[in-house]
Amino acid sequence: MSDDAPRVPTGPAVDDPAGGAGGSVRPDPESPDAQARAAWRESVARDLDTALLGGARTLSARDLAARADVETEFVRSFWRILGLPHADLDDAVYTDADADAVARAARLMRVHGLDLRTVTSLTRALGHTSDRLALWQVEALAEDMAVRYELDDTSARLLVLDRLSDLAPILEAQLLHSYRRQLASIAGRYAAEFGGARGPGVDRSELPLARAVGFADMVSFTRRTAGLGSTDLSEFVQRFEAAARDVVTANGGRVVKTIGDAVLFVADDPGTGALVALGLAEVLGHELDVDRERRAGGLAEGARGVTPVRVGFVWGRVLSRFGDVFGPSVNLAARLTDIAEPSTVLTDKVTAAALAGDPRFEATALPAHELQGLGEVDPVRLALVGDPLR
């Protein structure tokens, strides 16, 4: 452990019958020392719980239902959909903040006229996203503590717990800021795309949004990550995701999600989608010389290199729901990555036709391929002509 590392909270000292830290004999759980440590842990957990939840757990589900003037089933359903454990109706496990949250959900229906199905979807979105966000951030903090202070994993996690009450308000403020900025960005896009659309001419049989959609799939992920420890694997994945997100946003697209060793992106027009796809193939696209990287800085250094990708990109109509996109064009883009060469972009004839008048791009027709679930498709390799940013 480095000299400047903070003391990791461990609670009251417990005598080791084996005579040292390396002993294998555990203290008697009934001993006074073990009981003192257990009491200390419970106290720390209780204080942290109260700090994070903004108050003590003094309310039951019945109390929450009474405050919000809803049935107890609404409370139980709210908690279940949020993805959190729900207790018996009379167990005092909820806080005043929990009561406010249930009341706000009820007001969405009473005041704003939303139906229960919509409120359920909104609540599920919060639960799914915040669960992943909280886990992501806590794991990142644990990794930071482990590396910065040369701690083992358990000690790093204990240190995160020790600092979480101080860090939580900052993380919460950043979350609210990011959410409002993202909401404003979506509102701006909707205003630009649909602000001038008027009239009844809506074809309800077609998917609502015209979007460029694409996948960038990492080449040889299993081979590249074989034998890596947790730190190096984390660095590798983070480097890939950060580089991919930077390319997508810099070229005017948006990342929908990352799926293991792939990233799914969308853009609002074919040209922007093509720039994103080609940017990913170029920036992530130079084949990694593992042997050379191992000589230069070890396998870990090589693993942190950006990896080549195969890119499939299609222009078509999609359905946007649950923070994801769906439709035939999404499926086609995914399947095109299966047959693309490393560092290349494949599209279809329809998308190539949409780009035909754009002098920045050139398209090369390739032999037909049979794609799983889609039948025979005529792929087209897309390339960039010169530098469109000059």
# chains A, B, ... in the order shown; residues from 1 in each chain; ligands from 1
>>> select_by_dssp(residues="range 75-258 of chain A", states="helix (DSSP H, G or I)", output="NGL selection string")
:A and (75-82 or 96-110 or 116-149 or 153-194 or 221-225 or 230-250)
>>> closest_residue(among="A:Arg224, A:Gln174, A:Pro6, A:Pro208", to="Tyr149 in chain A", atoms="only C-alpha atoms")
A:Pro6
>>> closest_residue(among="A:Ala340, A:Ala87, A:Val309, A:Ala352", to="Ala274 in chain A", atoms="only C-alpha atoms")
A:Ala352
>>> select_by_dssp(residues="range 316-380 of chain A", states="strand (DSSP E)", output="JSON, numbers by chain")
{"A": [316, 317, 318, 319, 320, 321, 324, 325, 326, 345, 346, 347, 361, 362, 363, 364, 365, 369, 370, 371, 375, 376, 377, 380]}
>>> write_last_selection(atoms="C-alpha atoms", output="mmCIF file, in the first residue's frame")
data_model
loop_
_atom_site.group_PDB
_atom_site.id
_atom_site.type_symbol
_atom_site.label_atom_id
_atom_site.label_comp_id
_atom_site.auth_asym_id
_atom_site.auth_seq_id
_atom_site.Cartn_x
_atom_site.Cartn_y
_atom_site.Cartn_z
ATOM 1 C CA GLY A 316 -34.354 3.396 -42.815
ATOM 2 C CA ARG A 317 -37.277 3.815 -40.463
ATOM 3 C CA VAL A 318 -37.094 2.732 -36.830
ATOM 4 C CA LEU A 319 -39.154 2.599 -33.669
ATOM 5 C CA SER A 320 -37.570 4.300 -30.651
ATOM 6 C CA ARG A 321 -38.669 2.813 -27.342
ATOM 7 C CA ASP A 324 -33.370 1.588 -27.762
ATOM 8 C CA VAL A 325 -34.250 1.411 -31.465
ATOM 9 C CA PHE A 326 -36.010 -1.394 -33.317
ATOM 10 C CA VAL A 345 -18.141 -0.168 -43.610
ATOM 11 C CA LEU A 346 -20.912 -2.100 -45.324
ATOM 12 C CA THR A 347 -24.353 -0.763 -46.192
ATOM 13 C CA PHE A 361 -18.681 9.149 -50.455
ATOM 14 C CA GLU A 362 -18.067 6.368 -52.914
ATOM 15 C CA ALA A 363 -19.866 3.017 -52.956
ATOM 16 C CA THR A 364 -18.698 -0.318 -54.321
ATOM 17 C CA ALA A 365 -21.229 -3.098 -54.930
ATOM 18 C CA HIS A 369 -24.641 -12.655 -49.394
ATOM 19 C CA GLU A 370 -27.100 -14.803 -47.530
ATOM 20 C CA LEU A 371 -27.675 -13.179 -44.139
ATOM 21 C CA GLY A 375 -32.204 -13.889 -46.839
ATOM 22 C CA GLU A 376 -30.073 -12.713 -49.727
ATOM 23 C CA VAL A 377 -28.742 -9.154 -49.474
ATOM 24 C CA VAL A 380 -22.232 -2.233 -50.666
#
>>> residues_around(residues="Met109 in chain A", least_positions_apart="6", cutoff="9 Å", atoms="only C-alpha atoms", output="list in words")
Asp115, Leu116 and Val119 of chain A
>>> residues_around(residues="range 61-69 of chain A", least_positions_apart="5", cutoff="7 Å", atoms="only C-alpha atoms", output="list of chain:residue names")
A:Val75, A:Leu89, A:Asp90, A:Ala99, A:Val102, A:Ala103, A:Ala106
>>> write_last_selection(atoms="all heavy atoms", output="CSV table (one decimal), in the first residue's frame")
chain,number,residue,atom,x,y,z
A,75,VAL,N,-48.3,1.0,-4.4
A,75,VAL,CA,-47.0,1.2,-3.8
A,75,VAL,C,-46.1,0.0,-4.1
A,75,VAL,O,-44.9,0.1,-4.5
A,75,VAL,CB,-47.1,1.4,-2.3
A,75,VAL,CG1,-45.8,1.5,-1.6
A,75,VAL,CG2,-47.9,2.7,-2.0
A,89,LEU,N,-46.3,-5.2,4.0
A,89,LEU,CA,-47.0,-3.9,4.0
A,89,LEU,C,-46.8,-3.1,5.3
A,89,LEU,O,-46.8,-1.9,5.3
A,89,LEU,CB,-48.5,-4.2,3.8
A,89,LEU,CG,-48.9,-4.7,2.4
A,89,LEU,CD1,-50.4,-5.0,2.4
A,89,LEU,CD2,-48.5,-3.7,1.3
A,90,ASP,N,-46.5,-3.8,6.4
A,90,ASP,CA,-46.4,-3.1,7.7
A,90,ASP,C,-44.9,-2.9,8.1
A,90,ASP,O,-44.7,-2.4,9.2
A,90,ASP,CB,-47.1,-3.9,8.7
A,90,ASP,CG,-48.6,-3.9,8.5
A,90,ASP,OD1,-49.2,-2.8,8.2
A,90,ASP,OD2,-49.2,-5.0,8.5
A,99,ALA,N,-41.9,8.3,0.2
A,99,ALA,CA,-43.3,8.7,0.2
A,99,ALA,C,-43.5,9.8,-0.9
A,99,ALA,O,-44.5,9.8,-1.6
A,99,ALA,CB,-43.8,9.2,1.6
A,102,VAL,N,-43.5,8.2,-4.4
A,102,VAL,CA,-44.8,7.5,-4.7
A,102,VAL,C,-45.9,8.5,-5.1
A,102,VAL,O,-46.7,8.4,-6.0
A,102,VAL,CB,-45.2,6.6,-3.6
A,102,VAL,CG1,-46.6,6.1,-3.8
A,102,VAL,CG2,-44.2,5.4,-3.4
A,103,ALA,N,-45.9,9.6,-4.3
A,103,ALA,CA,-46.9,10.7,-4.5
A,103,ALA,C,-46.7,11.3,-5.9
A,103,ALA,O,-47.7,11.7,-6.6
A,103,ALA,CB,-46.8,11.7,-3.4
A,106,ALA,N,-48.1,9.1,-8.5
A,106,ALA,CA,-49.6,9.2,-8.6
A,106,ALA,C,-50.1,10.5,-9.2
A,106,ALA,O,-51.0,10.5,-9.9
A,106,ALA,CB,-50.1,9.1,-7.1
>>> atom_distance(atom1="CA of Arg239 in chain A", atom2="CA of Gly327 in chain A")
29.5 Å
>>> residues_around(residues="Leu264 in chain A", least_positions_apart="2", cutoff="9 Å", atoms="only C-alpha atoms", output="list in words")
Val213, Gly214, Phe215, Ala216, Asp217, Arg254, Val255, Val256, Lys257, Thr258, Ile259, Ala262, Val266 and Ala334 of chain A
>>> write_last_selection(atoms="N, CA and C atoms", output="PDB file, in the first residue's frame")
ATOM      1  N   VAL A 213     -28.828   4.117 -38.827  1.00  0.00           N
ATOM      2  CA  VAL A 213     -28.513   3.275 -37.676  1.00  0.00           C
ATOM      3  C   VAL A 213     -27.342   2.379 -38.038  1.00  0.00           C
ATOM      4  N   GLY A 214     -26.442   2.170 -37.095  1.00  0.00           N
ATOM      5  CA  GLY A 214     -25.271   1.361 -37.399  1.00  0.00           C
ATOM      6  C   GLY A 214     -24.686   0.678 -36.193  1.00  0.00           C
ATOM      7  N   PHE A 215     -23.951  -0.385 -36.454  1.00  0.00           N
ATOM      8  CA  PHE A 215     -23.219  -1.126 -35.426  1.00  0.00           C
ATOM      9  C   PHE A 215     -21.734  -1.089 -35.757  1.00  0.00           C
ATOM     10  N   ALA A 216     -20.909  -0.921 -34.733  1.00  0.00           N
ATOM     11  CA  ALA A 216     -19.469  -1.121 -34.854  1.00  0.00           C
ATOM     12  C   ALA A 216     -19.104  -2.271 -33.930  1.00  0.00           C
ATOM     13  N   ASP A 217     -18.655  -3.366 -34.501  1.00  0.00           N
ATOM     14  CA  ASP A 217     -18.424  -4.606 -33.767  1.00  0.00           C
ATOM     15  C   ASP A 217     -16.922  -4.854 -33.658  1.00  0.00           C
ATOM     16  N   ARG A 254     -25.369   9.786 -32.324  1.00  0.00           N
ATOM     17  CA  ARG A 254     -25.652   9.541 -30.911  1.00  0.00           C
ATOM     18  C   ARG A 254     -25.481   8.054 -30.620  1.00  0.00           C
ATOM     19  N   VAL A 255     -24.860   7.733 -29.508  1.00  0.00           N
ATOM     20  CA  VAL A 255     -24.731   6.343 -29.082  1.00  0.00           C
ATOM     21  C   VAL A 255     -26.035   5.917 -28.427  1.00  0.00           C
ATOM     22  N   VAL A 256     -26.616   4.836 -28.926  1.00  0.00           N
ATOM     23  CA  VAL A 256     -27.814   4.280 -28.311  1.00  0.00           C
ATOM     24  C   VAL A 256     -27.430   3.407 -27.131  1.00  0.00           C
ATOM     25  N   LYS A 257     -26.457   2.525 -27.345  1.00  0.00           N
ATOM     26  CA  LYS A 257     -26.011   1.645 -26.270  1.00  0.00           C
ATOM     27  C   LYS A 257     -24.749   0.930 -26.720  1.00  0.00           C
ATOM     28  N   THR A 258     -24.057   0.385 -25.751  1.00  0.00           N
ATOM     29  CA  THR A 258     -22.973  -0.545 -26.034  1.00  0.00           C
ATOM     30  C   THR A 258     -23.448  -1.938 -25.647  1.00  0.00           C
ATOM     31  N   ILE A 259     -23.089  -2.916 -26.455  1.00  0.00           N
ATOM     32  CA  ILE A 259     -23.551  -4.291 -26.262  1.00  0.00           C
ATOM     33  C   ILE A 259     -22.319  -5.179 -26.247  1.00  0.00           C
ATOM     34  N   ALA A 262     -19.659  -4.340 -28.891  1.00  0.00           N
ATOM     35  CA  ALA A 262     -20.188  -3.569 -30.018  1.00  0.00           C
ATOM     36  C   ALA A 262     -20.844  -2.300 -29.513  1.00  0.00           C
ATOM     37  N   VAL A 266     -27.041   6.003 -33.815  1.00  0.00           N
ATOM     38  CA  VAL A 266     -28.029   6.523 -34.753  1.00  0.00           C
ATOM     39  C   VAL A 266     -27.620   7.931 -35.171  1.00  0.00           C
ATOM     40  N   ALA A 334     -26.932  -4.841 -38.097  1.00  0.00           N
ATOM     41  CA  ALA A 334     -26.232  -5.810 -37.255  1.00  0.00           C
ATOM     42  C   ALA A 334     -25.693  -6.969 -38.084  1.00  0.00           C
TER      43      ALA A 334
END
>>> closest_residue(among="A:Asp49, A:Glu235, A:Asp378, A:Asp246", to="Gly279 in chain A", atoms="only C-alpha atoms")
A:Asp246
>>> residues_around(residues="Thr129 in chain A", least_positions_apart="5", cutoff="12 Å", atoms="only C-alpha atoms", output="short mmCIF file (atom, residue, chain, number, x, y, z; two decimals) with N, CA and C atoms, in the first residue's frame")
data_model
loop_
_atom_site.label_atom_id
_atom_site.label_comp_id
_atom_site.auth_asym_id
_atom_site.auth_seq_id
_atom_site.Cartn_x
_atom_site.Cartn_y
_atom_site.Cartn_z
N LEU A 82 -39.56 -0.38 -10.06
CA LEU A 82 -38.31 0.35 -9.88
C LEU A 82 -37.11 -0.60 -9.78
N GLY A 83 -37.40 -1.88 -9.51
CA GLY A 83 -36.34 -2.88 -9.45
C GLY A 83 -35.72 -3.02 -8.08
N LEU A 122 -42.27 4.85 -17.45
CA LEU A 122 -41.37 5.89 -16.95
C LEU A 122 -40.63 5.41 -15.71
N THR A 123 -41.34 4.72 -14.82
CA THR A 123 -40.72 4.23 -13.59
C THR A 123 -39.70 3.14 -13.89
N ARG A 124 -40.05 2.24 -14.81
CA ARG A 124 -39.11 1.18 -15.18
C ARG A 124 -37.84 1.76 -15.80
N ALA A 134 -25.65 3.57 -10.97
CA ALA A 134 -25.08 3.47 -9.63
C ALA A 134 -23.99 2.40 -9.58
N LEU A 135 -24.26 1.24 -10.17
CA LEU A 135 -23.26 0.17 -10.18
C LEU A 135 -22.01 0.59 -10.94
N TRP A 136 -22.20 1.22 -12.10
CA TRP A 136 -21.08 1.68 -12.92
C TRP A 136 -20.21 2.64 -12.10
N LEU A 175 -25.66 14.15 -12.06
CA LEU A 175 -26.71 13.38 -12.72
C LEU A 175 -27.85 14.28 -13.16
N TYR A 179 -28.95 14.96 -16.99
CA TYR A 179 -30.30 14.62 -17.42
C TYR A 179 -30.99 15.80 -18.09
N LYS A 257 -26.46 2.53 -27.35
CA LYS A 257 -26.01 1.64 -26.27
C LYS A 257 -24.75 0.93 -26.72
N PHE A 322 -37.92 2.58 -25.05
CA PHE A 322 -37.14 2.02 -23.94
C PHE A 322 -35.65 2.36 -24.04
N GLY A 323 -35.33 3.53 -24.63
CA GLY A 323 -33.94 3.90 -24.79
C GLY A 323 -33.21 3.11 -25.85
#
>>> atom_distance(atom1="CA of Ser178 in chain A", atom2="CA of Leu126 in chain A")
14.3 Å
